[in-house]
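Have a look at model.csv; it's CSV, C-alpha atoms:
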```csv
chain,number,residue,atom,x,y,z
A,1,MET,CA,-3.2,-8.3,-48.6
A,2,LYS,CA,0.4,-9.5,-48.4
A,3,ILE,CA,2.8,-7.5,-46.2
A,4,GLU,CA,5.2,-6.9,-49.2
A,5,ASN,CA,2.5,-4.8,-50.9
A,6,ILE,CA,2.6,-2.2,-48.0
A,7,PRO,CA,5.1,0.6,-48.4
A,8,GLU,CA,8.0,0.0,-46.1
A,9,TYR,CA,7.8,3.4,-44.4
A,10,PHE,CA,4.2,2.6,-43.3
A,11,ILE,CA,5.5,-0.3,-41.1
A,12,CYS,CA,6.4,0.2,-37.5
A,13,PRO,CA,10.0,-1.0,-36.8
A,14,ILE,CA,8.9,-2.6,-33.5
A,15,SER,CA,5.6,-4.3,-34.3
A,16,LEU,CA,6.3,-4.8,-38.0
A,17,GLN,CA,2.6,-3.9,-38.6
A,18,ILE,CA,1.1,-1.0,-40.4
A,19,MET,CA,1.0,2.1,-38.2
A,20,LYS,CA,-2.3,3.4,-36.9
A,21,ASP,CA,-1.0,6.4,-35.0
A,22,PRO,CA,2.5,7.2,-36.2
A,23,VAL,CA,4.7,9.3,-33.9
A,24,THR,CA,8.3,10.4,-34.3
A,25,ALA,CA,10.9,10.0,-31.6
A,26,VAL,CA,13.6,12.7,-31.1
A,27,SER,CA,16.0,10.3,-32.8
A,28,GLY,CA,14.0,10.9,-36.0
A,29,ILE,CA,12.6,7.4,-36.3
A,30,THR,CA,8.8,7.0,-36.6
A,31,TYR,CA,6.9,4.3,-34.7
A,32,ASP,CA,3.4,3.3,-34.0
A,33,ARG,CA,2.4,5.1,-30.7
A,34,ASP,CA,1.3,2.0,-28.8
A,35,SER,CA,4.6,0.2,-29.7
A,36,ILE,CA,7.0,3.0,-28.8
A,37,GLU,CA,5.1,3.9,-25.6
A,38,HIS,CA,5.3,0.2,-24.5
A,39,TRP,CA,9.0,0.3,-25.2
A,40,LEU,CA,9.6,3.5,-23.3
A,41,PHE,CA,7.1,3.4,-20.4
A,42,ASP,CA,6.2,-0.2,-19.8
A,43,THR,CA,9.7,-1.8,-20.3
A,44,HIS,CA,11.6,1.4,-19.2
A,45,HIS,CA,14.1,1.5,-22.1
A,46,THR,CA,16.0,4.8,-22.5
A,47,ILE,CA,17.3,4.4,-26.0
A,48,CYS,CA,15.8,4.5,-29.5
A,49,PRO,CA,15.2,0.8,-30.6
A,50,VAL,CA,16.5,1.5,-34.1
A,51,THR,CA,19.4,4.0,-33.7
A,52,LYS,CA,20.3,3.0,-30.1
A,53,GLN,CA,20.6,6.8,-29.3
A,54,PRO,CA,19.8,7.8,-25.8
A,55,LEU,CA,16.4,9.5,-25.4
A,56,PRO,CA,15.6,12.4,-23.1
A,57,THR,CA,13.8,11.6,-19.8
A,58,ASN,CA,11.3,14.5,-20.1
A,59,SER,CA,8.1,12.8,-21.1
A,60,ASP,CA,6.8,16.0,-22.9
A,61,PHE,CA,9.4,15.8,-25.6
A,62,LEU,CA,9.9,12.0,-26.2
A,63,ILE,CA,7.5,11.6,-29.2
A,64,THR,CA,5.6,13.9,-31.6
A,65,PRO,CA,2.6,12.9,-33.7
A,66,ASN,CA,3.5,12.5,-37.4
A,67,HIS,CA,0.4,13.9,-39.0
A,68,THR,CA,1.8,13.9,-42.6
A,69,LEU,CA,2.6,10.2,-42.5
A,70,ARG,CA,-0.8,9.4,-40.9
A,71,ARG,CA,-2.6,11.2,-43.7
A,72,LEU,CA,-0.5,9.3,-46.3
A,73,ILE,CA,-1.3,5.9,-44.6
A,74,GLN,CA,-5.0,6.9,-44.4
A,75,ALA,CA,-5.1,7.9,-48.1
A,76,TRP,CA,-3.3,4.8,-49.2
A,77,SER,CA,-5.5,2.5,-47.0
A,78,THR,CA,-8.7,4.1,-48.5
A,79,VAL,CA,-7.6,3.2,-52.0
A,80,TYR,CA,-5.7,-0.1,-51.6
A,81,ALA,CA,-6.9,-1.7,-48.3
A,82,ALA,CA,-10.5,-0.6,-47.7
A,83,GLY,CA,-11.6,-4.1,-46.9
A,84,ASP,CA,-8.7,-4.9,-44.6
A,85,GLU,CA,-9.6,-2.4,-41.8
A,86,ILE,CA,-6.1,-1.0,-41.5
A,87,ILE,CA,-7.1,2.6,-41.9
A,88,PRO,CA,-5.3,4.3,-39.0
A,89,MET,CA,-7.3,5.8,-36.1
A,90,PRO,CA,-7.1,9.6,-35.5
A,91,PRO,CA,-4.2,10.3,-33.2
A,92,LYS,CA,-5.0,10.6,-29.6
A,93,THR,CA,-3.7,13.7,-27.8
A,94,PRO,CA,-1.0,12.5,-25.4
A,95,LEU,CA,-0.9,13.6,-21.8
A,96,THR,CA,1.9,16.0,-21.0
A,97,LYS,CA,3.6,17.2,-17.9
A,98,SER,CA,2.6,20.8,-18.6
A,99,TYR,CA,-1.1,19.9,-18.9
A,100,VAL,CA,-1.1,18.1,-15.6
A,101,ALA,CA,0.9,20.9,-13.9
A,102,ASN,CA,-1.7,23.4,-15.1
A,103,LEU,CA,-4.5,21.4,-13.6
A,104,VAL,CA,-2.6,21.2,-10.3
A,105,ARG,CA,-2.2,25.0,-10.3
A,106,LYS,CA,-6.0,25.3,-10.8
A,107,LEU,CA,-6.6,23.4,-7.7
A,108,ARG,CA,-5.6,26.5,-5.8
A,109,ILE,CA,-8.4,28.5,-7.3
A,110,PRO,CA,-11.7,27.9,-5.4
A,111,SER,CA,-13.9,28.6,-8.4
A,112,LEU,CA,-12.1,26.0,-10.6
A,113,GLN,CA,-11.5,23.3,-8.0
A,114,MET,CA,-14.5,21.1,-8.7
A,115,LYS,CA,-14.1,21.2,-12.4
A,116,THR,CA,-10.4,20.5,-12.2
A,117,LEU,CA,-10.9,17.6,-9.8
A,118,GLN,CA,-13.4,16.0,-12.3
A,119,LYS,CA,-10.8,16.3,-15.1
A,120,LEU,CA,-8.1,14.7,-12.8
A,121,GLU,CA,-10.5,11.9,-11.9
A,122,VAL,CA,-10.8,11.0,-15.6
A,123,LEU,CA,-7.0,11.1,-16.1
A,124,ALA,CA,-6.5,8.9,-13.0
A,125,ALA,CA,-8.9,6.3,-14.3
A,126,GLU,CA,-7.0,6.1,-17.6
A,127,MET,CA,-3.6,5.9,-16.0
A,128,ASN,CA,-0.9,4.0,-17.9
A,129,GLU,CA,2.9,4.1,-17.5
A,130,ARG,CA,3.3,7.2,-19.7
A,131,ASN,CA,0.6,9.1,-17.8
A,132,ARG,CA,2.1,8.0,-14.6
A,133,VAL,CA,5.4,9.6,-15.5
A,134,CYS,CA,3.7,12.9,-16.4
A,135,MET,CA,1.7,12.9,-13.2
A,136,VAL,CA,4.8,12.3,-11.0
A,137,GLU,CA,6.8,15.0,-12.8
A,138,ALA,CA,3.9,17.5,-12.5
A,139,GLY,CA,3.5,16.9,-8.8
A,140,LEU,CA,-0.1,15.6,-8.9
A,141,ALA,CA,0.0,13.8,-5.6
A,142,GLU,CA,1.5,16.8,-3.8
A,143,GLY,CA,-1.1,19.1,-5.3
A,144,LEU,CA,-4.0,16.8,-4.2
A,145,LEU,CA,-2.5,16.4,-0.7
A,146,SER,CA,-2.3,20.2,-0.4
A,147,PHE,CA,-6.0,20.4,-1.4
A,148,VAL,CA,-6.9,18.0,1.4
A,149,VAL,CA,-4.8,20.1,3.8
A,150,SER,CA,-6.8,23.2,2.7
A,151,CYS,CA,-10.1,21.4,3.4
A,152,TYR,CA,-8.8,20.4,6.8
A,153,LYS,CA,-7.8,24.0,7.6
A,154,SER,CA,-11.2,25.4,6.5
A,155,GLY,CA,-13.1,22.5,8.1
A,156,GLU,CA,-15.0,21.8,4.8
A,157,SER,CA,-15.8,18.1,4.1
A,158,ASN,CA,-17.4,18.8,0.7
A,159,ASN,CA,-17.7,16.8,-2.5
A,160,GLY,CA,-14.3,18.1,-3.5
A,161,LEU,CA,-12.6,16.4,-0.6
A,162,GLU,CA,-14.3,13.1,-1.5
A,163,VAL,CA,-13.2,13.3,-5.1
A,164,ALA,CA,-9.6,14.4,-4.2
A,165,LEU,CA,-9.2,11.4,-1.8
A,166,SER,CA,-10.7,9.1,-4.4
A,167,ILE,CA,-8.1,10.3,-6.9
A,168,LEU,CA,-5.3,10.0,-4.4
A,169,TYR,CA,-6.4,6.4,-3.6
A,170,THR,CA,-6.2,5.6,-7.4
A,171,VAL,CA,-2.8,7.2,-7.8
A,172,ARG,CA,-1.4,6.4,-4.3
A,173,ASP,CA,1.7,4.8,-5.7
A,174,LEU,CA,2.6,8.3,-7.0
A,175,ILE,CA,3.1,9.5,-3.4
A,176,LEU,CA,6.9,9.0,-3.6
A,177,SER,CA,8.3,11.5,-1.1
A,178,ILE,CA,6.8,14.2,1.0
A,179,ASN,CA,9.3,16.6,2.5
A,180,LYS,CA,7.3,19.6,3.4
A,181,ASN,CA,4.0,20.1,5.3
A,182,ASP,CA,4.1,16.4,6.3
A,183,ASP,CA,2.8,17.1,9.8
A,184,GLU,CA,-0.2,19.0,8.3
A,185,ILE,CA,-0.8,16.1,5.8
A,186,MET,CA,-0.9,13.6,8.7
A,187,ASP,CA,-3.2,15.8,10.7
A,188,SER,CA,-5.6,16.4,7.8
A,189,LEU,CA,-5.9,12.7,7.0
A,190,MET,CA,-6.6,11.9,10.6
A,191,TRP,CA,-9.2,14.7,10.6
A,192,VAL,CA,-11.0,12.7,7.9
A,193,PHE,CA,-11.5,9.8,10.3
A,194,GLY,CA,-13.3,12.0,12.7
A,195,LEU,CA,-16.0,13.1,10.2
A,196,ILE,CA,-19.6,12.1,10.8
A,197,ASP,CA,-20.4,8.5,10.0
A,198,GLY,CA,-22.4,7.6,6.9
A,199,GLU,CA,-21.9,6.0,3.5
A,200,SER,CA,-20.0,9.0,2.1
A,201,SER,CA,-17.9,9.1,5.3
A,202,ALA,CA,-17.1,5.4,5.0
A,203,LYS,CA,-15.7,6.0,1.5
A,204,LEU,CA,-13.7,8.9,2.7
A,205,LYS,CA,-12.1,6.9,5.6
A,206,PHE,CA,-11.4,4.0,3.3
A,207,HIS,CA,-9.5,6.2,0.8
A,208,ALA,CA,-7.9,8.2,3.6
A,209,SER,CA,-6.5,5.1,5.3
A,210,HIS,CA,-4.8,3.9,2.1
A,211,VAL,CA,-3.4,7.4,1.4
A,212,LEU,CA,-2.1,7.6,5.0
A,213,LYS,CA,-0.3,4.3,4.4
A,214,SER,CA,1.3,5.6,1.3
A,215,VAL,CA,2.4,8.8,3.0
A,216,VAL,CA,4.0,6.9,5.8
A,217,LYS,CA,5.6,4.4,3.5
A,218,ASN,CA,7.3,7.0,1.3
A,219,SER,CA,7.9,10.0,3.6
A,220,ASN,CA,11.0,10.8,5.6
A,221,PRO,CA,11.2,8.3,8.5
A,222,ARG,CA,11.6,11.3,10.9
A,223,LEU,CA,7.9,12.0,10.3
A,224,LEU,CA,7.1,9.0,12.5
A,225,GLU,CA,9.2,10.3,15.3
A,226,ARG,CA,7.0,13.4,15.6
A,227,LEU,CA,3.7,11.7,15.8
A,228,LYS,CA,1.5,13.0,18.6
A,229,PRO,CA,-0.4,10.9,21.2
A,230,ASP,CA,-3.7,12.1,19.7
A,231,PHE,CA,-2.7,10.4,16.5
A,232,PHE,CA,-2.6,7.0,18.2
A,233,ARG,CA,-5.9,7.7,20.1
A,234,ASP,CA,-7.6,8.4,16.8
A,235,ILE,CA,-6.2,5.2,15.2
A,236,ALA,CA,-7.3,3.2,18.2
A,237,SER,CA,-10.8,4.6,17.8
A,238,CYS,CA,-10.7,3.7,14.1
A,239,LEU,CA,-9.8,0.1,14.9
A,240,ARG,CA,-13.1,-0.3,16.7
A,241,GLY,CA,-14.8,0.0,13.3
A,242,GLY,CA,-13.1,-3.2,12.2
A,243,GLU,CA,-13.4,-2.6,8.4
A,244,ASN,CA,-10.5,-2.0,6.0
A,245,ILE,CA,-8.0,-1.6,8.9
A,246,ASN,CA,-4.9,-3.2,7.3
A,247,PRO,CA,-3.5,0.2,6.2
A,248,LEU,CA,-3.9,1.5,9.7
A,249,LEU,CA,-2.2,-1.6,11.1
A,250,TYR,CA,0.7,-1.0,8.7
A,251,VAL,CA,1.1,2.5,10.0
A,252,LEU,CA,1.2,1.2,13.6
A,253,SER,CA,3.7,-1.4,12.7
A,254,GLU,CA,6.0,1.3,11.1
A,255,ALA,CA,5.6,3.6,14.1
A,256,CYS,CA,6.5,0.9,16.6
A,257,ARG,CA,10.1,1.3,15.8
A,258,TRP,CA,10.3,4.3,18.2
A,259,GLY,CA,10.0,3.8,21.9
A,260,ARG,CA,8.0,7.0,22.5
A,261,ASN,CA,5.5,5.8,19.9
A,262,ARG,CA,5.1,2.4,21.6
A,263,ALA,CA,4.5,4.1,25.0
A,264,ALA,CA,1.9,6.4,23.3
A,265,MET,CA,0.2,3.4,21.7
A,266,VAL,CA,-0.1,1.6,25.0
A,267,GLU,CA,-1.5,4.7,26.6
A,268,ALA,CA,-4.1,5.0,23.8
A,269,GLY,CA,-5.2,1.4,24.5
A,270,VAL,CA,-4.0,0.0,21.1
A,271,VAL,CA,-3.1,-3.4,22.6
A,272,PHE,CA,-6.7,-3.8,23.9
A,273,GLU,CA,-8.2,-2.8,20.6
A,274,LEU,CA,-6.0,-5.2,18.7
A,275,VAL,CA,-7.2,-8.1,20.8
A,276,GLU,CA,-10.7,-6.9,20.1
A,277,VAL,CA,-10.0,-6.9,16.3
A,278,GLU,CA,-9.1,-10.6,16.4
A,279,LEU,CA,-12.1,-11.4,18.6
A,280,ARG,CA,-14.5,-9.7,16.2
A,281,ARG,CA,-13.2,-11.9,13.4
A,282,SER,CA,-14.0,-15.1,15.3
A,283,PRO,CA,-15.3,-17.7,14.6
A,284,ALA,CA,-14.5,-16.9,11.0
A,285,PRO,CA,-11.1,-18.0,9.7
A,286,PRO,CA,-8.4,-15.4,10.4
A,287,GLU,CA,-7.5,-13.1,7.5
A,288,LYS,CA,-3.8,-13.8,7.0
A,289,ARG,CA,-2.4,-10.3,6.5
A,290,THR,CA,-4.6,-8.7,9.2
A,291,THR,CA,-3.6,-11.3,11.8
A,292,GLU,CA,0.1,-11.0,10.9
A,293,LEU,CA,-0.1,-7.2,11.3
A,294,VAL,CA,-2.0,-7.5,14.6
A,295,LEU,CA,0.4,-10.0,16.1
A,296,GLY,CA,3.4,-8.0,14.8
A,297,VAL,CA,2.2,-4.8,16.6
A,298,ILE,CA,1.3,-6.6,19.8
A,299,HIS,CA,4.8,-8.2,19.8
A,300,GLN,CA,6.4,-4.8,19.5
A,301,LEU,CA,4.2,-3.4,22.3
A,302,CYS,CA,4.9,-6.3,24.6
A,303,SER,CA,8.5,-5.3,24.6
A,304,CYS,CA,7.5,-2.9,27.4
A,305,ALA,CA,6.0,-3.8,30.7
A,306,GLU,CA,2.9,-1.6,30.2
A,307,GLY,CA,2.2,-3.3,26.9
A,308,ARG,CA,2.3,-6.8,28.4
A,309,ALA,CA,0.2,-5.6,31.3
A,310,GLN,CA,-2.5,-4.3,28.9
A,311,LEU,CA,-2.5,-7.6,27.0
A,312,LEU,CA,-2.9,-9.6,30.2
A,313,SER,CA,-5.6,-7.2,31.5
A,314,HIS,CA,-7.8,-8.3,28.6
A,315,ALA,CA,-9.7,-11.5,29.5
A,316,ALA,CA,-9.0,-13.0,26.1
A,317,GLY,CA,-5.5,-11.6,25.5
A,318,VAL,CA,-3.5,-14.8,26.0
A,319,ALA,CA,-6.2,-16.9,24.5
A,320,VAL,CA,-6.4,-14.9,21.2
A,321,VAL,CA,-2.6,-15.1,20.7
A,322,THR,CA,-2.7,-18.8,21.5
A,323,ARG,CA,-5.5,-19.5,19.1
A,324,ARG,CA,-3.6,-18.0,16.1
A,325,MET,CA,-0.6,-20.3,16.6
A,326,LEU,CA,-0.2,-22.8,13.7
A,327,LYS,CA,-3.4,-21.5,12.2
A,328,VAL,CA,-2.4,-18.6,9.9
A,329,SER,CA,1.1,-18.5,8.6
A,330,PRO,CA,4.8,-19.0,9.6
A,331,ALA,CA,5.0,-15.2,10.2
A,332,ALA,CA,2.0,-15.3,12.5
A,333,ASP,CA,3.5,-18.3,14.4
A,334,GLU,CA,6.8,-16.4,14.9
A,335,ARG,CA,5.0,-13.4,16.4
A,336,ALA,CA,2.6,-15.3,18.5
A,337,VAL,CA,5.3,-17.5,20.1
A,338,MET,CA,7.5,-14.4,20.7
A,339,ILE,CA,4.6,-12.7,22.5
A,340,VAL,CA,4.1,-15.7,24.8
A,341,TRP,CA,7.9,-15.8,25.3
A,342,LEU,CA,8.0,-12.2,26.4
A,343,ILE,CA,5.1,-12.8,28.8
A,344,SER,CA,6.7,-16.0,30.1
A,345,LYS,CA,10.1,-14.2,30.7
A,346,HIS,CA,9.0,-10.9,32.2
A,347,SER,CA,5.3,-11.2,33.4
A,348,ALA,CA,4.8,-14.8,34.4
A,349,THR,CA,2.9,-14.5,37.7
A,350,SER,CA,1.2,-17.6,39.1
A,351,GLY,CA,-2.1,-16.4,37.6
A,352,VAL,CA,-0.6,-15.9,34.2
A,353,VAL,CA,1.1,-19.3,34.2
A,354,THR,CA,-2.2,-21.0,35.2
A,355,GLU,CA,-4.1,-19.1,32.5
A,356,MET,CA,-1.6,-20.3,29.8
A,357,LEU,CA,-2.4,-23.9,30.8
A,358,ARG,CA,-6.2,-23.2,30.9
A,359,VAL,CA,-6.4,-21.6,27.5
A,360,GLY,CA,-4.3,-24.2,25.8
A,361,THR,CA,-1.1,-22.2,25.4
A,362,VAL,CA,1.1,-25.1,26.8
A,363,ALA,CA,-0.5,-27.6,24.5
A,364,LYS,CA,0.1,-25.3,21.5
A,365,LEU,CA,3.7,-24.9,22.4
A,366,CYS,CA,4.1,-28.7,22.5
A,367,MET,CA,2.5,-28.8,19.0
A,368,VAL,CA,5.0,-26.1,17.9
A,369,MET,CA,7.8,-28.5,19.0
A,370,GLN,CA,6.4,-31.2,16.8
A,371,ALA,CA,5.5,-29.1,13.8
A,372,ASN,CA,7.6,-28.1,10.8
A,373,CYS,CA,8.7,-24.8,12.4
A,374,GLY,CA,12.1,-23.1,12.4
A,375,THR,CA,14.8,-24.0,14.9
A,376,HIS,CA,14.7,-20.5,16.5
A,377,LEU,CA,10.9,-20.8,17.1
A,378,LYS,CA,11.3,-24.3,18.6
A,379,GLU,CA,14.0,-23.0,20.9
A,380,LYS,CA,11.7,-20.2,22.2
A,381,ALA,CA,8.9,-22.7,22.7
A,382,ARG,CA,11.3,-24.9,24.7
A,383,ASP,CA,12.4,-22.0,26.8
A,384,ILE,CA,8.8,-21.3,27.8
A,385,LEU,CA,8.1,-25.0,28.6
A,386,ARG,CA,11.3,-25.4,30.7
A,387,ALA,CA,10.6,-22.2,32.6
A,388,HIS,CA,7.3,-23.4,34.0
A,389,CYS,CA,7.5,-27.2,33.7
A,390,THR,CA,7.3,-27.6,37.5
A,391,VAL,CA,3.9,-25.9,37.6
A,392,TRP,CA,2.4,-27.6,34.5
A,393,LYS,CA,3.7,-31.2,35.0
A,394,ASP,CA,1.0,-32.1,37.5
A,395,SER,CA,-1.9,-30.9,35.3
A,396,PRO,CA,-4.3,-33.6,34.1
A,397,CYS,CA,-4.6,-31.7,30.8
A,398,LEU,CA,-1.0,-32.7,29.8
A,399,GLU,CA,0.8,-35.9,29.5
A,400,LEU,CA,3.9,-35.7,31.7
A,401,ALA,CA,5.9,-37.8,29.2
A,402,THR,CA,5.2,-35.3,26.4
A,403,LEU,CA,6.1,-32.3,28.5
A,404,THR,CA,9.3,-33.9,29.8
A,405,ARG,CA,10.3,-34.8,26.2
A,406,PHE,CA,10.1,-31.2,25.0
A,407,THR,CA,11.9,-29.7,28.0
A,408,ARG,CA,15.1,-31.7,27.8
```
Once more with this new file: its structure as structure tokens, please.
Amino acid sequence: MKIENIPEYFICPISLQIMKDPVTAVSGITYDRDSIEHWLFDTHHTICPVTKQPLPTNSDFLITPNHTLRRLIQAWSTVYAAGDEIIPMPPKTPLTKSYVANLVRKLRIPSLQMKTLQKLEVLAAEMNERNRVCMVEAGLAEGLLSFVVSCYKSGESNNGLEVALSILYTVRDLILSINKNDDEIMDSLMWVFGLIDGESSAKLKFHASHVLKSVVKNSNPRLLERLKPDFFRDIASCLRGGENINPLLYVLSEACRWGRNRAAMVEAGVVFELVEVELRRSPAPPEKRTTELVLGVIHQLCSCAEGRAQLLSHAAGVAVVTRRMLKVSPAADERAVMIVWLISKHSATSGVVTEMLRVGTVAKLCMVMQANCGTHLKEKARDILRAHCTVWKDSPCLELATLTRFTR
């Protein structure tokens, strides 16, 4: 059937196709639901595409199903286009802010919690941009986090907790800003890591680690100033598991900005555990993001004497850092060289200088000087080589000409 045979008011102004689920915007213009939702929620336009009038931001009142027009199209299609399969589908009920807000309120009622969580799980699995707006406006993430806090306070690690964390993991980008009860939220998420090991517990910890990252990423920065020493001890313990630790490494890297946190991390043995993380990954090729995060945190912690001492107290500390140079990424190279530079400048005992030669650090620094690295990085490598050239120049492991060339 040719397009001119279709009544003009059956055609969507955006797609120029016959409408299957006509809806009317507040501007009075009718569109096919998929087309106008893509215009509003995927491409983030705020005006009517035909009239150019501004549209309200409240997702509950943007569009309304046009049942009359849908019935007309359906009747017309039955008579004139039965073989062309353009009979419109029944309209789907759109998600609204009020519906989600009602579900969030039901999370506070113990007898309705499990059924409510199951409904939310279905909604989260079908999340599109329009549903995302409704969930943000209804405070879904805050409601789920409050549920997790209530589980923590009651000490109940039931199926509801597992479902709630699973939903939070799915909608973790909705955790935009947490301004109240943030200390309780952090405590409750760390409580999850202390639950008994097992398959179910592993899933809980996986989801909790990603939710923790989102909370830290989007909350008030002052939250990180108030972290307790127990928090870092718990994370150090989690690092020993070695699985899905990147979210925890991100949290550590963000917390490193405060001196009191760096001191607490060192006291909790974080440097030692980070070296162990990289050792457990050998001889497999390093995972880029993990190694970058590990070296980034070690670099921050080596800004204090206690952090450097903990790195050097590990038998493989210097060797692990050296091994990652020129093997992972420019960011990893930067952090590895800076760690060695801090050790060379502030903690270079005769034993440390000898170890740097023994584990190949000096040779790697010479390679950095020859590689396509940034000028700043080469300057740091040259500083290290110059500082200890008199000790290393007599080593049979190095060519004197090469060392002299890079220390001029």
Shell around A:Lys217 at 9 Å using only C-alpha atoms, local window under 2 positions removed, as a list in words: Ile175, Leu176, Ser177, Leu212, Lys213, Ser214, Val215, Ser219, Asn220, Pro221, Tyr250, Val251 and Glu254 of chain A
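Each of A:Lys378, A:Arg33, A:Arg172, A:His346 was checked against A:Asp333 using all atoms listed in the file; the smallest atom-to-atom distance is that of A:Lys378.
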Residue with smallest distance to A:Leu279 - pool A:Leu174, A:Ala309, A:Leu385, A:Ala316, counting all atoms listed in the file: A:Ala316
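Atom CA of A:Glu334 to atom CA of A:Glu273 spans 21.0 Å [interatomic distance, one decimal].
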Å distance separating atom CA of A:Leu140 from atom CA of A:Asp187, one decimal place: 19.8 Å
Selection near A:Met367, 10 Å with only C-alpha atoms, sequence-local residues under 3 positions removed, as a ChimeraX atom specification: /A:325-326,361-364,370-373,378,381,406
Atomic separation - atom CA of A:Leu239 relative to atom CA of A:Arg289, Å: 15.3 Å
Counting all atoms listed in the file, the residue of A:Pro54, A:Gly139, A:Gly160, A:Gly269 that sits nearest A:Thr116: A:Gly160
